[in-house]
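> Quick one: this structure, given as structure tokens, is what I'll be asking you about.
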Amino acid sequence: MRATLPPGPRTPALVQTIGWWSRPTAYVERLRDRYGTRFTMRLLGQPPFVVLSDPDDLREVFTTSPEVLHPGEGARLLEPIVGANSVILLDEAPHLEQRRLMLPAFHGERMQRLTGLMTELTDRELDSWPAGEPVELHGRLQALTLEIILRAVFGLDEGDRLDRLRDKLTAILSFGESPLSLLPQAQERLRGRGRFGRFERDREAVDRELYALMEERRADPGDRDDVLAMLLAAVREDGSPMSDEEIRDELLTALVAGHETTASSLAFAFEQLARAPHVQERLASDEGGRYLEATINEVLRLRPVLPNAEPRLVKQDVTIGGHTYPAGSVLILAAALVHTDPRIYPAPHAFRPERFRDTKPGTYTWIPFGGGRRRCLGASFALLEMRLVLRASSERFTIHTAGPQQPTRRRMITITPGDGARVRLERRSRPAAAAADAEAALVA
Ligand code: HEM
């Protein structure tokens with residue numbers, strides 16, 4: 001079959017680029033309504049993007065063999081931060097090998113051991129949240145998810161090294177948000193100078209700290225549950241360990257892939273809950289956690305913070321769903337579109353955790369974590385974190401709106417609530433028995 005591109009908008013590439021960036025979900029939804037679940041977009045300076053959202057097409061893409069589609073190649077812009085060994089940048093055999101090394105560290109059962117640490121950090125953060133006044137939660141959730149990654153993934157204990165790394169890594173991440181991070185040629189010219197020079201020095205300082213940490217941990221592994229401990233213990237099929245450079249790159253990858261994504265997903269959860277008091281009440285009395293799980297699944301459906309999985313660069317002509325796509329085009333798997341397809345989710349823009357009460361999310365109809373051999377390695381980690389934060393919050397607070405809902409905003413590759421998840425929290429009255437005890441203590 002001859003390789004062709006499906007039809008799509010004929011507006012100039014500039015107009016399409018602006019729509020794609022400024023209204024990341026509304027714009028493609030309009031195109032989906034007009035052209036169906038398969039259309040081609042032209043963005044400035046990019047190869048043709050074929051946007052797919054039919055579950056059968058998604059299944060075929062997720063299961064296509066690794067030499068035909070290259071997601072890693074499409075993520076090259078992340079290299080200055082995550083490093084060349086990062087699992088997210090690799091394809092084919094090197095990707096598979098790196099992923100095999102990392103999988104045990106992120107396995108669901110393994111994650112359970114991090115519950116105590118995550119709970120402690122969550123309690124500490126939530127205890128500092130003010131009640132009775134408007135508060136923007138997004139920044140606070142970013143601080144919390146950063147702390148959780150530094151302690152549970154990087155394996156840092158409290159102290160000077162944690163403080164130094166927190167500062168430097170925050171600076172590195174903010175470079176990732178600047179337009180300069182999108183311009184590799186400009187970076188080459190600016191080596192050692194200006195903003196890029198500062199970024200390079202911060203990166204060197206981070207690397208020195210991380211290599212010193214690894215040396216200490218190799219000498220004295222101790223009995224630790226963090227991801228770093230698992231990566232230090234990982235071995236290849238030939239019995240050799242991961243190099244320090246590989247481990248450094250994977251820690252930075254977890255930070256880039258896992259910090260903003262989890263913070264924004266939680267921010268959307270608070271934004272939605274503020275508008276759904278009945279959901280909050282059900283959460284407060286949800287003993288087994290099933291309703292909480294359904295609520296999280298629904299937040300990730302309605303607001304997938306990565307509206308698309310990693311772009312898959314087509315290396316050889318490939319037939320998906322009876323259509324042949326040419327080498328050089330890029331397949332975009334649109335979570336934001338499959339999640340709002342009214343044939344799959346009736347009233348798709350309504351926030352209804354009940355959708356997932358008795359139904360598990362479908363592998364190809366619910367893809368906030370992507371799928372196939374590239375599926376998010378940190379999904380269990382993120383879901384555990386979201387469960388703990390939302391559970392701790394629903395025990396302490398009721399969440400209220402603090403103004404009209406704002407359109408979502410793009411921050412680099414993720415989308416976030418337009419108003420930074422501005423809400424008003426009210427402290428829940430304590431259970432009657434606890435309140436009586438406290439009163440008795442006061443009188444005595
Ligand atoms: C709610 C939070 C998160 C969301 C929505 C999310 C979503 C995603 C998505 C959509 C992908 C691309 C998958 C694909 O293209 O098929 C991905 C990849 C990845 N994520 Fe996450 N992620 C989250 C949290 C995390 C966390 C906490 C970590 C690590 C601690 C993490 C580590 C990774 C890694 C390493 C990859 C690359 C996997 C590969 O290329 O093989 N993510 N994530």
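By convention in this document, the chains of the structure tokens carry letters A, B, ... by their order, each chain's residues are numbered from 1, and ligands are numbered from 1 in the order they are shown.
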Give the residue list for ligand 1 at 6 Å, counting only C-alpha atoms and all ligand atoms, as a list in words, sorted by chain and then by residue number.
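So the residues close to ligand 1 are Val87, Ile88, Thr253, Ala254, Ala257, Gly258, Thr261, Thr262, Ser265, Val305, Leu306, Ala309, Glu310, Pro368, Phe369, Gly370, Gly371, Arg374, Arg375, Cys376, Leu377, Gly378, Ala379, Phe381 and Ala382 of chain A.
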> Within 12 Å of Gly176 of chain A, counting only C-alpha atoms, which residues qualify if same-chain residues fewer than 5 places away don't, as a PyMOL selection string?
chain A and resi 77-82+169-171+181-183+195-196+199+255-257+260+411-413
> Can you list, as a list in words, every protein, DNA or RNA residue that comes within 6 Å of Arg409 of chain A when you count only C-alpha atoms, leaving out same-chain residues fewer than 5 positions away?
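Neighbouring residues, sequence-local ones excluded: Ile415, Thr416 and Gly418 of chain A.
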> Find the spatial neighbours of segment 64-71 of chain A, counting only C-alpha atoms, within a cut-off of 7 Å - ignore same-chain residues fewer than 6 positions away - and output them as an mmCIF file with N, CA and C atoms, in the first residue's frame.

data_model
loop_
_atom_site.group_PDB
_atom_site.id
_atom_site.type_symbol
_atom_site.label_atom_id
_atom_site.label_comp_id
_atom_site.auth_asym_id
_atom_site.auth_seq_id
_atom_site.Cartn_x
_atom_site.Cartn_y
_atom_site.Cartn_z
ATOM 1 N N ASP A 91 16.431 3.987 21.942
ATOM 2 C CA ASP A 91 15.508 3.175 21.155
ATOM 3 C C ASP A 91 16.086 1.766 20.994
ATOM 4 N N GLU A 92 15.229 0.872 20.536
ATOM 5 C CA GLU A 92 15.627 -0.514 20.197
ATOM 6 C C GLU A 92 16.374 -1.199 21.346
ATOM 7 N N GLU A 310 4.987 9.984 24.201
ATOM 8 C CA GLU A 310 6.188 10.411 23.462
ATOM 9 C C GLU A 310 5.932 10.274 21.952
ATOM 10 N N PRO A 311 6.299 11.279 21.161
ATOM 11 C CA PRO A 311 6.092 11.183 19.709
ATOM 12 C C PRO A 311 6.882 10.005 19.134
ATOM 13 N N ARG A 312 6.238 9.197 18.295
ATOM 14 C CA ARG A 312 6.909 8.043 17.679
ATOM 15 C C ARG A 312 7.351 8.416 16.261
ATOM 16 N N LEU A 313 8.668 8.516 16.063
ATOM 17 C CA LEU A 313 9.203 8.832 14.727
ATOM 18 C C LEU A 313 9.180 7.561 13.868
ATOM 19 N N VAL A 314 8.555 7.661 12.689
ATOM 20 C CA VAL A 314 8.431 6.485 11.812
ATOM 21 C C VAL A 314 9.753 6.286 11.059
ATOM 22 N N LYS A 315 10.425 5.129 11.281
ATOM 23 C CA LYS A 315 11.714 4.851 10.643
ATOM 24 C C LYS A 315 11.554 4.125 9.313
ATOM 25 N N GLN A 316 10.485 3.296 9.208
ATOM 26 C CA GLN A 316 10.205 2.597 7.947
ATOM 27 C C GLN A 316 8.710 2.726 7.704
#
> Please, which residues in segment 169-283 of chain A fall within 9 Å of segment 336-357 of chain A when counting only C-alpha atoms, and what is the closest atom pair and distance in Å to one decimal for each, ordered by chain then residue number, as JSON lines?

{"residue": "A:Gln272", "atom": "CA", "partner": "A:Phe351", "partner_atom": "CA", "distance": 7.1}
{"residue": "A:Leu273", "atom": "CA", "partner": "A:Phe351", "partner_atom": "CA", "distance": 8.9}
{"residue": "A:Ala276", "atom": "CA", "partner": "A:Phe351", "partner_atom": "CA", "distance": 8.1}
{"residue": "A:Val279", "atom": "CA", "partner": "A:Pro353", "partner_atom": "CA", "distance": 7.8}
> Pick out the residues sitting within 6 Å of segment 48-57 of chain A, and hand them over as a list of chain:residue names; count only C-alpha atoms, and ignore anything fewer than 2 positions along from it in its own chain.
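Counting only C-alpha atoms, the residues come to A:Thr37, A:Arg38, A:Phe39, A:Thr40, A:Met41, A:Arg42, A:Arg59, A:Glu60, A:Gly321, A:Ser329, A:Val330, A:Leu331, A:Ile332, A:Leu333, A:Ala334, A:Leu337, A:Val338, A:Tyr364, A:Thr365.
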> What does the structure give for the distance between atom CA of Gln187 of chain A and atom CA of Leu89 of chain A, in Å to one decimal?
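We find that atom CA of Gln187 of chain A and atom CA of Leu89 of chain A lie 18.9 Å from each other.
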> Hey, can you check how far atom CA of Pro130 of chain A sits from atom CA of Gly289 of chain A?
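That distance, rounded to one decimal, is 26.1 Å.
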> Enumerate the residues of segment 369-438 of chain A with a DSSP assignment of helix (DSSP H, G or I), computed from the backbone, and present them as a PyMOL selection string.
chain A and resi 372-374+379-396+432-438
> Could the residues in this selection be saved with C-alpha atoms as a PDB file, in the first residue's frame?

ATOM      1  CA  GLY A 372       3.575  -0.709  25.415  1.00  0.00           C
ATOM      2  CA  ARG A 373       7.307  -1.019  26.010  1.00  0.00           C
ATOM      3  CA  ARG A 374       7.569   2.749  26.618  1.00  0.00           C
ATOM      4  CA  ALA A 379       3.383   4.973  37.118  1.00  0.00           C
ATOM      5  CA  SER A 380       3.238   2.948  40.375  1.00  0.00           C
ATOM      6  CA  PHE A 381       5.367   5.555  42.105  1.00  0.00           C
ATOM      7  CA  ALA A 382       3.124   8.429  40.918  1.00  0.00           C
ATOM      8  CA  LEU A 383      -0.109   6.592  41.755  1.00  0.00           C
ATOM      9  CA  LEU A 384       1.113   5.766  45.266  1.00  0.00           C
ATOM     10  CA  GLU A 385       2.121   9.385  45.808  1.00  0.00           C
ATOM     11  CA  MET A 386      -1.230  10.668  44.550  1.00  0.00           C
ATOM     12  CA  ARG A 387      -3.106   8.233  46.799  1.00  0.00           C
ATOM     13  CA  LEU A 388      -1.168   9.301  49.889  1.00  0.00           C
ATOM     14  CA  VAL A 389      -1.498  13.034  49.246  1.00  0.00           C
ATOM     15  CA  LEU A 390      -5.224  12.909  48.456  1.00  0.00           C
ATOM     16  CA  ARG A 391      -5.935  10.615  51.404  1.00  0.00           C
ATOM     17  CA  ALA A 392      -4.030  12.898  53.811  1.00  0.00           C
ATOM     18  CA  SER A 393      -5.788  15.945  52.405  1.00  0.00           C
ATOM     19  CA  SER A 394      -9.289  14.487  52.612  1.00  0.00           C
ATOM     20  CA  GLU A 395      -8.674  13.591  56.267  1.00  0.00           C
ATOM     21  CA  ARG A 396      -7.696  17.177  57.081  1.00  0.00           C
ATOM     22  CA  ALA A 432     -16.233  13.809  68.053  1.00  0.00           C
ATOM     23  CA  ALA A 433     -14.228  11.533  70.393  1.00  0.00           C
ATOM     24  CA  ALA A 434     -10.883  13.208  69.561  1.00  0.00           C
ATOM     25  CA  ALA A 435     -12.402  16.661  70.043  1.00  0.00           C
ATOM     26  CA  ALA A 436     -13.817  15.685  73.454  1.00  0.00           C
ATOM     27  CA  ASP A 437     -10.417  14.308  74.550  1.00  0.00           C
ATOM     28  CA  ALA A 438      -8.687  17.526  73.480  1.00  0.00           C
TER      29      ALA A 438
END
> Rank nothing, just name the residue among A:Ala294, A:Ile320, A:Ala402, A:Leu96 nearest to Thr359 of chain A, using only C-alpha atoms.
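Closest to Thr359 of chain A, using only C-alpha atoms: A:Ala294.
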> So, counting only C-alpha atoms, which residue among A:Ile296, A:Val206, A:Leu58, A:Leu141 is closest to Ala421 of chain A?
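Closest to Ala421 of chain A of all the choices is A:Leu141.
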> Segment 119-297 of chain A: which residues are strand (DSSP E or B) by DSSP, as a ChimeraX atom specification?
/A:134-136,235,241
> Output C-alpha atoms for every residue in the selection just made, as a PDB file, in the first residue's frame.

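As written to disk, again.pdb reads:
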ATOM      1  CA  PRO A 134      -7.216  31.363  49.103  1.00  0.00           C
ATOM      2  CA  VAL A 135      -4.036  29.389  48.442  1.00  0.00           C
ATOM      3  CA  GLU A 136      -2.308  28.367  45.198  1.00  0.00           C
ATOM      4  CA  VAL A 235      23.120  -6.068  36.974  1.00  0.00           C
ATOM      5  CA  PRO A 241      26.590  -3.260  37.085  1.00  0.00           C
TER       6      PRO A 241
END
> Nearest to Tyr325 of chain A among A:Ala75, A:Ala13, A:Val61, A:Ile148, with distances taken over only C-alpha atoms: which residue is it?
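Closest residue, counting only C-alpha atoms: A:Val61.
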> Can you work out the spacing between atom CA of Arg275 of chain A and atom CA of Gln405 of chain A in Å, to one decimal?
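Going from atom CA of Arg275 of chain A over to atom CA of Gln405 of chain A covers 9.1 Å.
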> For a quick check of understanding, using only C-alpha atoms, which of A:Gly194, A:Ala105, A:Leu252, A:Arg208 has the smallest distance to Leu228 of chain A?
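Closest residue, counting only C-alpha atoms: A:Ala105.
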> Which residue, A:Thr363, A:Ser243, A:Gln280, A:Thr414, has the smallest gap to Arg428 of chain A when you use only C-alpha atoms?
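Using only C-alpha atoms, Arg428 of chain A sits closest to A:Gln280.
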> With only C-alpha atoms as the counted atoms, please give the residues lying no more than 10 Å from Arg34 of chain A, apart from itself and same-chain residues fewer than 6 positions off, as number ranges by chain.
A: 8-9, 28
> Taking all heavy atoms for each residue, export the selection above as a PDB file, in the first residue's frame.

ATOM      1  N   GLY A   8      -5.855  16.807   6.953  1.00  0.00           N
ATOM      2  CA  GLY A   8      -5.844  17.613   8.177  1.00  0.00           C
ATOM      3  C   GLY A   8      -6.041  19.056   7.809  1.00  0.00           C
ATOM      4  O   GLY A   8      -6.292  19.376   6.642  1.00  0.00           O
ATOM      5  N   PRO A   9      -5.911  19.952   8.759  1.00  0.00           N
ATOM      6  CA  PRO A   9      -6.182  21.364   8.479  1.00  0.00           C
ATOM      7  C   PRO A   9      -5.243  21.921   7.420  1.00  0.00           C
ATOM      8  O   PRO A   9      -4.071  21.535   7.372  1.00  0.00           O
ATOM      9  CB  PRO A   9      -5.941  22.047   9.829  1.00  0.00           C
ATOM     10  CG  PRO A   9      -5.121  21.095  10.617  1.00  0.00           C
ATOM     11  CD  PRO A   9      -5.464  19.728  10.138  1.00  0.00           C
ATOM     12  N   VAL A  28      -6.946  20.554  19.388  1.00  0.00           N
ATOM     13  CA  VAL A  28      -6.953  19.230  18.737  1.00  0.00           C
ATOM     14  C   VAL A  28      -8.326  18.562  18.831  1.00  0.00           C
ATOM     15  O   VAL A  28      -8.702  17.789  17.957  1.00  0.00           O
ATOM     16  CB  VAL A  28      -5.852  18.271  19.288  1.00  0.00           C
ATOM     17  CG1 VAL A  28      -4.493  18.622  18.738  1.00  0.00           C
ATOM     18  CG2 VAL A  28      -5.857  18.181  20.781  1.00  0.00           C
TER      19      VAL A  28
END
> Would you mind listing what lies within 8 Å of Thr122 of chain A as an mmCIF file with N, CA and C atoms, in the first residue's frame, with only C-alpha atoms counted and same-chain residues fewer than 2 positions away left out?

data_model
loop_
_atom_site.group_PDB
_atom_site.id
_atom_site.type_symbol
_atom_site.label_atom_id
_atom_site.label_comp_id
_atom_site.auth_asym_id
_atom_site.auth_seq_id
_atom_site.Cartn_x
_atom_site.Cartn_y
_atom_site.Cartn_z
ATOM 1 N N MET A 118 7.098 8.560 52.164
ATOM 2 C CA MET A 118 6.205 9.476 51.431
ATOM 3 C C MET A 118 5.146 10.058 52.367
ATOM 4 N N THR A 119 4.627 9.231 53.284
ATOM 5 C CA THR A 119 3.594 9.702 54.216
ATOM 6 C C THR A 119 4.156 10.781 55.126
ATOM 7 N N GLU A 120 5.376 10.553 55.608
ATOM 8 C CA GLU A 120 5.997 11.528 56.514
ATOM 9 C C GLU A 120 6.159 12.887 55.807
ATOM 10 N N ARG A 124 4.083 16.424 56.653
ATOM 11 C CA ARG A 124 4.811 17.643 57.000
ATOM 12 C C ARG A 124 4.360 18.806 56.107
ATOM 13 N N GLU A 125 4.219 18.516 54.800
ATOM 14 C CA GLU A 125 3.811 19.578 53.872
ATOM 15 C C GLU A 125 2.365 20.015 54.144
ATOM 16 N N LEU A 126 1.470 19.053 54.285
ATOM 17 C CA LEU A 126 0.057 19.415 54.433
ATOM 18 C C LEU A 126 -0.210 20.123 55.760
ATOM 19 N N LEU A 144 6.501 19.561 47.209
ATOM 20 C CA LEU A 144 6.324 18.234 47.819
ATOM 21 C C LEU A 144 6.814 17.125 46.887
ATOM 22 N N LEU A 388 -1.527 8.857 48.544
ATOM 23 C CA LEU A 388 -1.168 9.301 49.889
ATOM 24 C C LEU A 388 -1.516 10.780 50.094
ATOM 25 N N VAL A 389 -1.234 11.599 49.093
ATOM 26 C CA VAL A 389 -1.498 13.034 49.246
ATOM 27 C C VAL A 389 -3.007 13.292 49.324
ATOM 28 N N ALA A 392 -4.407 12.017 52.696
ATOM 29 C CA ALA A 392 -4.030 12.898 53.811
ATOM 30 C C ALA A 392 -4.829 14.198 53.743
#
